[in-house]
>>> print(open('query-v4.cif').read())   # mmCIF, C-alpha atoms
data_work
loop_
_atom_site.label_atom_id
_atom_site.label_comp_id
_atom_site.auth_asym_id
_atom_site.auth_seq_id
_atom_site.Cartn_x
_atom_site.Cartn_y
_atom_site.Cartn_z
CA MET A 1155 101.04 97.73 96.46
CA ILE A 1156 98.13 95.33 96.78
CA LEU A 1157 96.70 94.88 100.26
CA ARG A 1158 95.32 91.65 101.70
CA TYR A 1159 93.31 91.41 104.89
CA ALA A 1160 92.51 88.78 107.51
CA CYS A 1161 91.04 88.70 111.00
CA ALA A 1162 90.32 86.27 113.81
CA SER A 1163 88.62 86.67 117.17
CA ASP A 1164 87.80 84.33 120.04
CA ALA A 1165 86.27 84.61 123.51
CA GLY A 1166 89.26 82.77 125.02
CA ARG A 1167 89.20 79.92 127.48
CA LEU A 1168 87.82 81.72 130.54
CA ARG A 1169 85.29 84.26 129.23
CA GLU A 1170 81.76 83.41 128.09
CA ASN A 1171 81.28 86.53 125.95
CA ASN A 1172 83.51 88.01 123.31
CA GLU A 1173 83.68 91.77 123.89
CA ASP A 1174 86.20 92.36 121.08
CA ALA A 1175 85.22 93.53 117.61
CA VAL A 1176 87.14 93.76 114.33
CA LEU A 1177 86.11 95.48 111.11
CA LEU A 1178 88.03 95.42 107.83
CA ASP A 1179 87.06 97.34 104.70
CA PRO A 1180 89.51 96.90 101.81
CA ALA A 1181 87.60 99.46 99.71
CA LEU A 1182 88.50 102.12 102.28
CA ALA A 1183 91.88 100.53 103.14
CA LEU A 1184 90.62 100.46 106.74
CA ALA A 1185 91.20 98.13 109.67
CA VAL A 1186 89.68 98.65 113.14
CA VAL A 1187 90.06 96.60 116.33
CA ALA A 1188 88.19 97.39 119.56
CA ASP A 1189 88.20 95.81 123.03
CA GLY A 1190 84.98 96.58 124.91
CA MET A 1191 84.49 97.11 128.63
CA GLY A 1192 81.31 97.15 130.73
CA GLY A 1193 78.83 94.96 132.55
CA TYR A 1194 76.51 92.41 130.97
CA ASN A 1195 76.67 92.83 127.19
CA ALA A 1196 77.75 96.48 127.32
CA GLY A 1197 81.37 95.78 126.37
CA GLU A 1198 80.49 93.99 123.19
CA VAL A 1199 77.98 96.71 122.30
CA ALA A 1200 80.66 99.39 122.79
CA ALA A 1201 83.24 97.56 120.68
CA ARG A 1202 80.84 96.77 117.85
CA LEU A 1203 79.38 100.28 117.86
CA CYS A 1204 82.88 101.78 117.81
CA CYS A 1205 83.90 99.81 114.72
CA GLU A 1206 80.66 100.56 112.92
CA ALA A 1207 80.82 104.28 113.76
CA VAL A 1208 84.41 104.65 112.53
CA HIS A 1209 83.43 102.88 109.32
CA ALA A 1210 80.28 104.95 108.80
CA ALA A 1211 82.07 108.24 109.48
CA LEU A 1212 84.75 107.51 106.89
CA GLN A 1213 82.15 106.49 104.31
CA ALA A 1214 80.21 109.71 104.88
CA GLN A 1215 83.14 112.10 104.56
CA PRO A 1216 83.04 114.46 101.54
CA ASP A 1217 85.44 114.02 98.64
CA GLU A 1218 87.48 117.07 99.61
CA ALA A 1219 88.42 115.36 102.89
CA LEU A 1220 90.17 112.49 101.12
CA ALA A 1221 93.44 114.41 100.75
CA ASN A 1222 94.04 114.40 104.52
CA PRO A 1223 93.89 110.81 105.83
CA ARG A 1224 95.24 111.84 109.25
CA GLN A 1225 92.37 114.26 109.85
CA ARG A 1226 89.86 111.82 108.32
CA LEU A 1227 90.75 109.06 110.77
CA LEU A 1228 90.93 111.41 113.74
CA GLU A 1229 87.44 112.73 113.05
CA ALA A 1230 86.10 109.19 112.52
CA VAL A 1231 87.38 108.02 115.92
CA ARG A 1232 86.01 111.15 117.58
CA SER A 1233 82.66 110.39 115.96
CA ALA A 1234 82.81 106.85 117.32
CA ASN A 1235 83.49 108.21 120.79
CA ARG A 1236 80.37 110.35 120.62
CA ALA A 1237 78.32 107.43 119.34
CA VAL A 1238 79.33 105.16 122.23
CA PHE A 1239 78.93 107.90 124.84
CA GLU A 1240 75.50 108.95 123.59
CA ARG A 1241 74.21 105.37 123.31
CA ALA A 1242 75.14 104.77 126.95
CA LEU A 1243 73.21 107.90 127.98
CA LEU A 1244 70.11 106.69 126.15
CA GLN A 1245 70.17 103.11 127.48
CA PRO A 1246 70.58 102.73 131.27
CA SER A 1247 71.63 99.08 130.85
CA LEU A 1248 74.68 100.28 128.91
CA ARG A 1249 75.82 102.95 131.37
CA GLY A 1250 79.57 102.84 131.92
CA MET A 1251 80.38 101.00 128.73
CA ALA A 1252 83.60 101.91 126.97
CA THR A 1253 86.13 100.45 124.57
CA THR A 1254 89.68 100.69 123.39
CA VAL A 1255 90.26 101.22 119.68
CA VAL A 1256 93.13 100.99 117.25
CA ALA A 1257 92.33 101.97 113.67
CA VAL A 1258 94.50 102.10 110.56
CA LEU A 1259 93.81 103.94 107.31
CA LEU A 1260 96.20 103.24 104.45
CA ALA A 1261 97.02 105.50 101.51
CA GLY A 1262 99.72 104.27 99.13
CA PRO A 1263 103.12 103.93 100.80
CA GLN A 1264 101.92 105.56 104.02
CA GLY A 1265 99.48 104.73 106.75
CA VAL A 1266 97.76 106.56 109.58
CA VAL A 1267 96.98 105.00 112.96
CA ALA A 1268 94.61 106.39 115.59
CA HIS A 1269 94.28 104.72 118.96
CA VAL A 1270 92.82 105.05 122.44
CA GLY A 1271 93.67 102.54 125.17
CA ASP A 1272 95.94 99.52 125.03
CA SER A 1273 95.01 97.77 121.79
CA ARG A 1274 98.10 97.89 119.60
CA LEU A 1275 99.49 98.23 116.09
CA TYR A 1276 102.65 96.38 115.02
CA ARG A 1277 104.52 96.26 111.70
CA LEU A 1278 106.45 93.17 110.65
CA ARG A 1279 109.22 93.98 108.18
CA GLN A 1280 111.85 91.45 107.10
CA GLY A 1281 111.31 89.39 110.24
CA ARG A 1282 111.44 92.33 112.64
CA LEU A 1283 108.33 93.29 114.64
CA ASP A 1284 108.05 96.97 115.61
CA ARG A 1285 105.33 98.38 117.85
CA LEU A 1286 103.84 101.53 116.29
CA THR A 1287 101.57 102.56 119.18
CA ARG A 1288 102.13 103.34 122.84
CA ASP A 1289 99.65 101.97 125.37
CA HIS A 1290 97.44 104.37 127.28
CA SER A 1291 97.70 102.33 130.47
CA LEU A 1292 98.87 102.52 134.06
CA VAL A 1293 101.59 99.97 133.31
CA GLN A 1294 102.96 102.11 130.47
CA GLU A 1295 103.00 105.16 132.73
CA HIS A 1296 105.00 103.20 135.32
CA ILE A 1297 107.42 102.03 132.62
CA ASP A 1298 107.86 105.59 131.37
CA ALA A 1299 108.53 106.77 134.93
CA GLY A 1300 111.13 104.06 135.50
CA LEU A 1301 108.98 102.33 138.13
CA LEU A 1302 108.53 99.09 136.18
CA GLU A 1303 110.74 97.16 133.79
CA PRO A 1304 109.12 96.39 130.41
CA GLU A 1305 109.84 92.68 130.89
CA ALA A 1306 107.71 92.70 134.06
CA ALA A 1307 104.71 94.43 132.48
CA ARG A 1308 102.91 91.27 131.37
CA ALA A 1309 103.00 89.88 134.93
CA SER A 1310 101.77 93.08 136.56
CA GLY A 1311 98.54 92.89 138.53
CA TYR A 1312 97.33 96.16 136.94
CA ARG A 1313 98.40 95.40 133.37
CA ASN A 1314 94.81 95.82 132.08
CA LEU A 1315 94.09 99.21 133.67
CA VAL A 1316 93.79 101.72 130.84
CA THR A 1317 94.13 105.47 131.35
CA ARG A 1318 92.07 106.38 128.28
CA ALA A 1319 89.03 104.73 126.75
CA LEU A 1320 86.51 105.62 124.09
CA GLY A 1321 82.95 106.38 125.25
CA ILE A 1322 83.63 107.51 128.83
CA ALA A 1323 83.23 111.25 128.12
CA PRO A 1324 81.85 113.31 125.23
CA VAL A 1325 85.41 114.22 124.18
CA VAL A 1326 88.40 111.87 124.08
CA ASP A 1327 92.12 112.44 123.54
CA VAL A 1328 92.94 110.39 120.43
CA GLU A 1329 96.58 109.67 119.62
CA VAL A 1330 97.31 109.78 115.89
CA GLY A 1331 100.51 108.84 114.08
CA THR A 1332 101.83 108.04 110.62
CA PHE A 1333 104.08 105.26 109.36
CA ASP A 1334 105.54 104.04 106.09
CA LEU A 1335 104.85 100.83 104.21
CA THR A 1336 106.89 98.80 101.75
CA PRO A 1337 106.01 95.63 99.83
CA GLY A 1338 106.37 92.63 102.11
CA ASP A 1339 105.25 94.45 105.27
CA THR A 1340 102.52 92.96 107.44
CA LEU A 1341 100.51 95.06 109.89
CA LEU A 1342 99.07 93.50 113.04
CA LEU A 1343 96.29 95.18 115.01
CA CYS A 1344 95.44 93.33 118.23
CA THR A 1345 93.77 93.46 121.62
CA ASP A 1346 95.62 92.86 124.87
CA GLY A 1347 94.33 89.31 124.97
CA LEU A 1348 97.17 88.57 122.56
CA THR A 1349 99.97 90.70 124.00
CA ASP A 1350 99.29 89.75 127.63
CA LEU A 1351 100.03 86.12 126.83
CA LEU A 1352 102.56 86.14 124.00
CA THR A 1353 105.86 87.99 123.85
CA GLU A 1354 106.65 90.13 120.82
CA GLY A 1355 109.27 87.56 119.84
CA GLU A 1356 106.66 84.79 119.87
CA ILE A 1357 104.27 86.91 117.84
CA ALA A 1358 106.96 87.65 115.26
CA ARG A 1359 107.80 83.96 114.90
CA LEU A 1360 104.16 83.05 114.36
CA LEU A 1361 103.78 85.76 111.72
CA CYS A 1362 106.97 84.65 109.94
CA HIS A 1363 105.70 81.08 109.66
CA GLY A 1364 104.24 81.82 106.22
CA GLY A 1365 101.14 80.45 104.54
CA PRO A 1366 97.77 82.13 103.93
CA LEU A 1367 97.04 85.30 105.88
CA ASP A 1368 93.87 83.80 107.39
CA SER A 1369 95.98 80.95 108.75
CA ALA A 1370 98.41 83.40 110.34
CA ALA A 1371 95.55 85.20 112.11
CA ALA A 1372 94.16 81.89 113.37
CA ARG A 1373 97.63 80.81 114.59
CA LEU A 1374 97.97 83.92 116.73
CA VAL A 1375 94.58 83.41 118.39
CA GLN A 1376 95.24 79.70 118.93
CA ALA A 1377 98.62 80.45 120.50
CA ALA A 1378 97.08 82.94 122.94
CA ASN A 1379 94.48 80.37 123.94
CA ALA A 1380 97.15 77.69 124.33
CA ALA A 1381 99.05 80.06 126.64
CA GLY A 1382 96.05 80.35 128.95
CA GLY A 1383 93.39 82.26 127.02
CA ARG A 1384 92.61 84.49 130.00
CA ASP A 1385 90.88 87.13 127.88
CA ASN A 1386 89.14 87.64 124.59
CA VAL A 1387 91.72 87.78 121.83
CA SER A 1388 91.37 89.46 118.44
CA VAL A 1389 93.74 90.22 115.61
CA ALA A 1390 93.57 91.92 112.24
CA LEU A 1391 96.31 91.49 109.64
CA VAL A 1392 97.04 93.59 106.56
CA HIS A 1393 99.74 92.33 104.21
CA CYS A 1394 101.30 94.66 101.65
CA GLY A 1395 102.17 92.75 98.52
CA ALA A 1396 103.78 93.81 95.26
CA ALA A 1397 101.09 94.31 92.61
CA ALA A 1398 102.78 91.96 90.13
CA ALA A 1399 102.76 89.13 92.66
CA THR A 1400 99.07 89.41 93.57
CA PRO A 1401 96.40 89.01 90.88
CA HIS A 1402 93.55 90.68 92.80
CA ALA A 1403 92.78 92.44 96.06
CA ASP A 1404 90.14 91.80 98.70
CA SER A 1405 87.04 93.93 98.33
CA ALA A 1406 84.18 92.99 100.68
CA PRO A 1407 84.11 94.29 104.28
CA ARG A 1408 84.76 91.65 106.95
CA ARG A 1409 83.90 91.50 110.64
CA CYS A 1410 85.12 89.32 113.49
CA GLY A 1411 84.11 89.14 117.14
CA ALA A 1412 81.17 91.04 118.62
#
>>> encode(input="query-v4.cif", output="structure tokens")
Amino acid sequence: MILRYACASDAGRLRENNEDAVLLDPALALAVVADGMGGYNAGEVAARLCCEAVHAALQAQPDEALANPRQRLLEAVRSANRAVFERALLQPSLRGMATTVVAVLLAGPQGVVAHVGDSRLYRLRQGRLDRLTRDHSLVQEHIDAGLLEPEAARASGYRNLVTRALGIAPVVDVEVGTFDLTPGDTLLLCTDGLTDLLTEGEIARLLCHGGPLDSAAARLVQAANAAGGRDNVSVALVHCGAAAATPHADSAPRRCGA
């Protein structure tokens, strides 16, 4: 398979600063999305530092680590947690900063996802959108306990309260999973600025519209803003194409947002 990448990020209609960050590195088959939290510019610092630390940790890993992508990504996210936590200790103006993260590392027909918080990973396959992560949030806990219907989650007053975040403590509980890929699949990594305003059905329809991958990313962000744009919104897309249908792959790293 040949992988193609795209990203888009916007502050939204109500926020002055964009505290989301996206990093794509086709050479590593890596995509990272982070949604920062904290006063002043601390949120954007946390999100950007998270993406950069995950990237740097993967680049620095020895060759013998390459055979275990699950452990590689887990250690990279743990490294990012330490980087955000330690930066906040060193700079009083950044105290309390934190971020969500969802990161994907692809290896042939399989992928690994590591996440903390409520930024999500979806896979679109033959028109069907499946969520591959479970939110670490108060809303999700209430859904799991039968106290809230999933359809009511987007209207909940505490929909943005996460139960885990990267950078709050020196150690973080990272959830890691694996998934399969086939030619034609599209992966969507996104912050809650998208999923708070668009249903999964609406997201699937926008992704199925066709056209260049960059246009699909822009459509998703534009739709979230058209629906109110209450928060920063960021998306990363990875499309898995058949090698014969795609003459060349992306190569240069790309960044969006903070």
>>> atom_distance(input="query-v4.cif", atom1="atom CA of Arg1359 of chain A", atom2="atom CA of Ala1257 of chain A")
23.8 Å
>>> resolve_selection(input="query-v4.cif", expression="the PyMOL selection byres ((chain A and resi 1292) around 10)", output="JSON, numbers by chain")
{"A": [1272, 1289, 1290, 1291, 1293, 1294, 1295, 1296, 1297, 1298, 1312, 1313, 1314, 1315, 1316, 1317, 1318]}
>>> atom_distance(input="query-v4.cif", atom1="atom CA of Cys1410 of chain A", atom2="atom CA of Ala1377 of chain A")
17.6 Å
>>> residues_around(input="query-v4.cif", residues="segment 1224-1235 of chain A", least_positions_apart="4", cutoff="6 Å", atoms="all atoms listed in the file", output="PyMOL selection string")
chain A and resi 1204+1207-1208+1211+1266+1320-1321
>>> write_last_selection(input="query-v4.cif", atoms="C-alpha atoms", output="JSON list (two decimals), in the coordinates of the input")
[["chain", "number", "residue", "atom", "x", "y", "z"],
["A", 1204, "CYS", "CA", 82.88, 101.78, 117.81],
["A", 1207, "ALA", "CA", 80.82, 104.28, 113.76],
["A", 1208, "VAL", "CA", 84.41, 104.65, 112.53],
["A", 1211, "ALA", "CA", 82.07, 108.24, 109.48],
["A", 1266, "VAL", "CA", 97.76, 106.56, 109.58],
["A", 1320, "LEU", "CA", 86.51, 105.62, 124.09],
["A", 1321, "GLY", "CA", 82.95, 106.38, 125.25]]
>>> closest_residue(input="query-v4.cif", among="A:Gly1190, A:Ala1196, A:Pro1223, A:Leu1278", to="Pro1246 of chain A", atoms="only C-alpha atoms")
A:Ala1196
>>> closest_residue(input="query-v4.cif", among="A:Leu1352, A:Met1251, A:Cys1161, A:Leu1178", to="Ala1380 of chain A", atoms="all atoms listed in the file")
A:Leu1352
>>> decode(input="query-v4.cif", residues="segment 1226-1247 of chain A", atoms="N, CA and C atoms", output="PDB file, in the first residue's frame")
ATOM      1  N   ARG A1226       7.113   0.736  20.485  1.00  0.00           N
ATOM      2  CA  ARG A1226       7.732   1.980  20.016  1.00  0.00           C
ATOM      3  C   ARG A1226       6.814   3.170  20.252  1.00  0.00           C
ATOM      4  N   LEU A1227       5.549   3.034  19.872  1.00  0.00           N
ATOM      5  CA  LEU A1227       4.632   4.163  20.006  1.00  0.00           C
ATOM      6  C   LEU A1227       4.301   4.432  21.467  1.00  0.00           C
ATOM      7  N   LEU A1228       4.144   3.369  22.247  1.00  0.00           N
ATOM      8  CA  LEU A1228       3.877   3.546  23.674  1.00  0.00           C
ATOM      9  C   LEU A1228       5.000   4.338  24.342  1.00  0.00           C
ATOM     10  N   GLU A1229       6.242   3.952  24.079  1.00  0.00           N
ATOM     11  CA  GLU A1229       7.370   4.646  24.688  1.00  0.00           C
ATOM     12  C   GLU A1229       7.468   6.091  24.198  1.00  0.00           C
ATOM     13  N   ALA A1230       7.129   6.333  22.938  1.00  0.00           N
ATOM     14  CA  ALA A1230       7.176   7.698  22.401  1.00  0.00           C
ATOM     15  C   ALA A1230       6.160   8.596  23.087  1.00  0.00           C
ATOM     16  N   VAL A1231       4.953   8.092  23.327  1.00  0.00           N
ATOM     17  CA  VAL A1231       3.933   8.898  24.008  1.00  0.00           C
ATOM     18  C   VAL A1231       4.312   9.106  25.469  1.00  0.00           C
ATOM     19  N   ARG A1232       4.871   8.097  26.103  1.00  0.00           N
ATOM     20  CA  ARG A1232       5.354   8.272  27.476  1.00  0.00           C
ATOM     21  C   ARG A1232       6.452   9.332  27.533  1.00  0.00           C
ATOM     22  N   SER A1233       7.319   9.341  26.542  1.00  0.00           N
ATOM     23  CA  SER A1233       8.371  10.350  26.476  1.00  0.00           C
ATOM     24  C   SER A1233       7.779  11.745  26.318  1.00  0.00           C
ATOM     25  N   ALA A1234       6.734  11.851  25.506  1.00  0.00           N
ATOM     26  CA  ALA A1234       6.067  13.136  25.325  1.00  0.00           C
ATOM     27  C   ALA A1234       5.425  13.611  26.626  1.00  0.00           C
ATOM     28  N   ASN A1235       4.859  12.681  27.375  1.00  0.00           N
ATOM     29  CA  ASN A1235       4.271  13.046  28.661  1.00  0.00           C
ATOM     30  C   ASN A1235       5.326  13.647  29.591  1.00  0.00           C
ATOM     31  N   ARG A1236       6.480  13.013  29.643  1.00  0.00           N
ATOM     32  CA  ARG A1236       7.553  13.541  30.495  1.00  0.00           C
ATOM     33  C   ARG A1236       8.008  14.908  30.014  1.00  0.00           C
ATOM     34  N   ALA A1237       8.088  15.090  28.709  1.00  0.00           N
ATOM     35  CA  ALA A1237       8.540  16.369  28.162  1.00  0.00           C
ATOM     36  C   ALA A1237       7.589  17.499  28.534  1.00  0.00           C
ATOM     37  N   VAL A1238       6.288  17.265  28.425  1.00  0.00           N
ATOM     38  CA  VAL A1238       5.311  18.300  28.771  1.00  0.00           C
ATOM     39  C   VAL A1238       5.321  18.563  30.269  1.00  0.00           C
ATOM     40  N   PHE A1239       5.355  17.508  31.065  1.00  0.00           N
ATOM     41  CA  PHE A1239       5.351  17.653  32.522  1.00  0.00           C
ATOM     42  C   PHE A1239       6.580  18.418  32.999  1.00  0.00           C
ATOM     43  N   GLU A1240       7.752  18.056  32.486  1.00  0.00           N
ATOM     44  CA  GLU A1240       8.981  18.699  32.927  1.00  0.00           C
ATOM     45  C   GLU A1240       9.085  20.139  32.454  1.00  0.00           C
ATOM     46  N   ARG A1241       8.598  20.444  31.265  1.00  0.00           N
ATOM     47  CA  ARG A1241       8.599  21.837  30.798  1.00  0.00           C
ATOM     48  C   ARG A1241       7.738  22.713  31.707  1.00  0.00           C
ATOM     49  N   ALA A1242       6.597  22.199  32.128  1.00  0.00           N
ATOM     50  CA  ALA A1242       5.717  22.967  33.017  1.00  0.00           C
ATOM     51  C   ALA A1242       6.383  23.215  34.371  1.00  0.00           C
ATOM     52  N   LEU A1243       7.169  22.270  34.852  1.00  0.00           N
ATOM     53  CA  LEU A1243       7.888  22.466  36.115  1.00  0.00           C
ATOM     54  C   LEU A1243       8.942  23.556  35.991  1.00  0.00           C
ATOM     55  N   LEU A1244       9.569  23.655  34.836  1.00  0.00           N
ATOM     56  CA  LEU A1244      10.650  24.609  34.629  1.00  0.00           C
ATOM     57  C   LEU A1244      10.150  26.026  34.366  1.00  0.00           C
ATOM     58  N   GLN A1245       8.950  26.156  33.798  1.00  0.00           N
ATOM     59  CA  GLN A1245       8.415  27.474  33.451  1.00  0.00           C
ATOM     60  C   GLN A1245       7.109  27.724  34.198  1.00  0.00           C
ATOM     61  N   PRO A1246       7.138  28.591  35.228  1.00  0.00           N
ATOM     62  CA  PRO A1246       5.927  28.845  36.019  1.00  0.00           C
ATOM     63  C   PRO A1246       4.730  29.297  35.178  1.00  0.00           C
ATOM     64  N   SER A1247       4.975  30.004  34.085  1.00  0.00           N
ATOM     65  CA  SER A1247       3.864  30.483  33.250  1.00  0.00           C
ATOM     66  C   SER A1247       3.139  29.345  32.554  1.00  0.00           C
TER      67      SER A1247
END
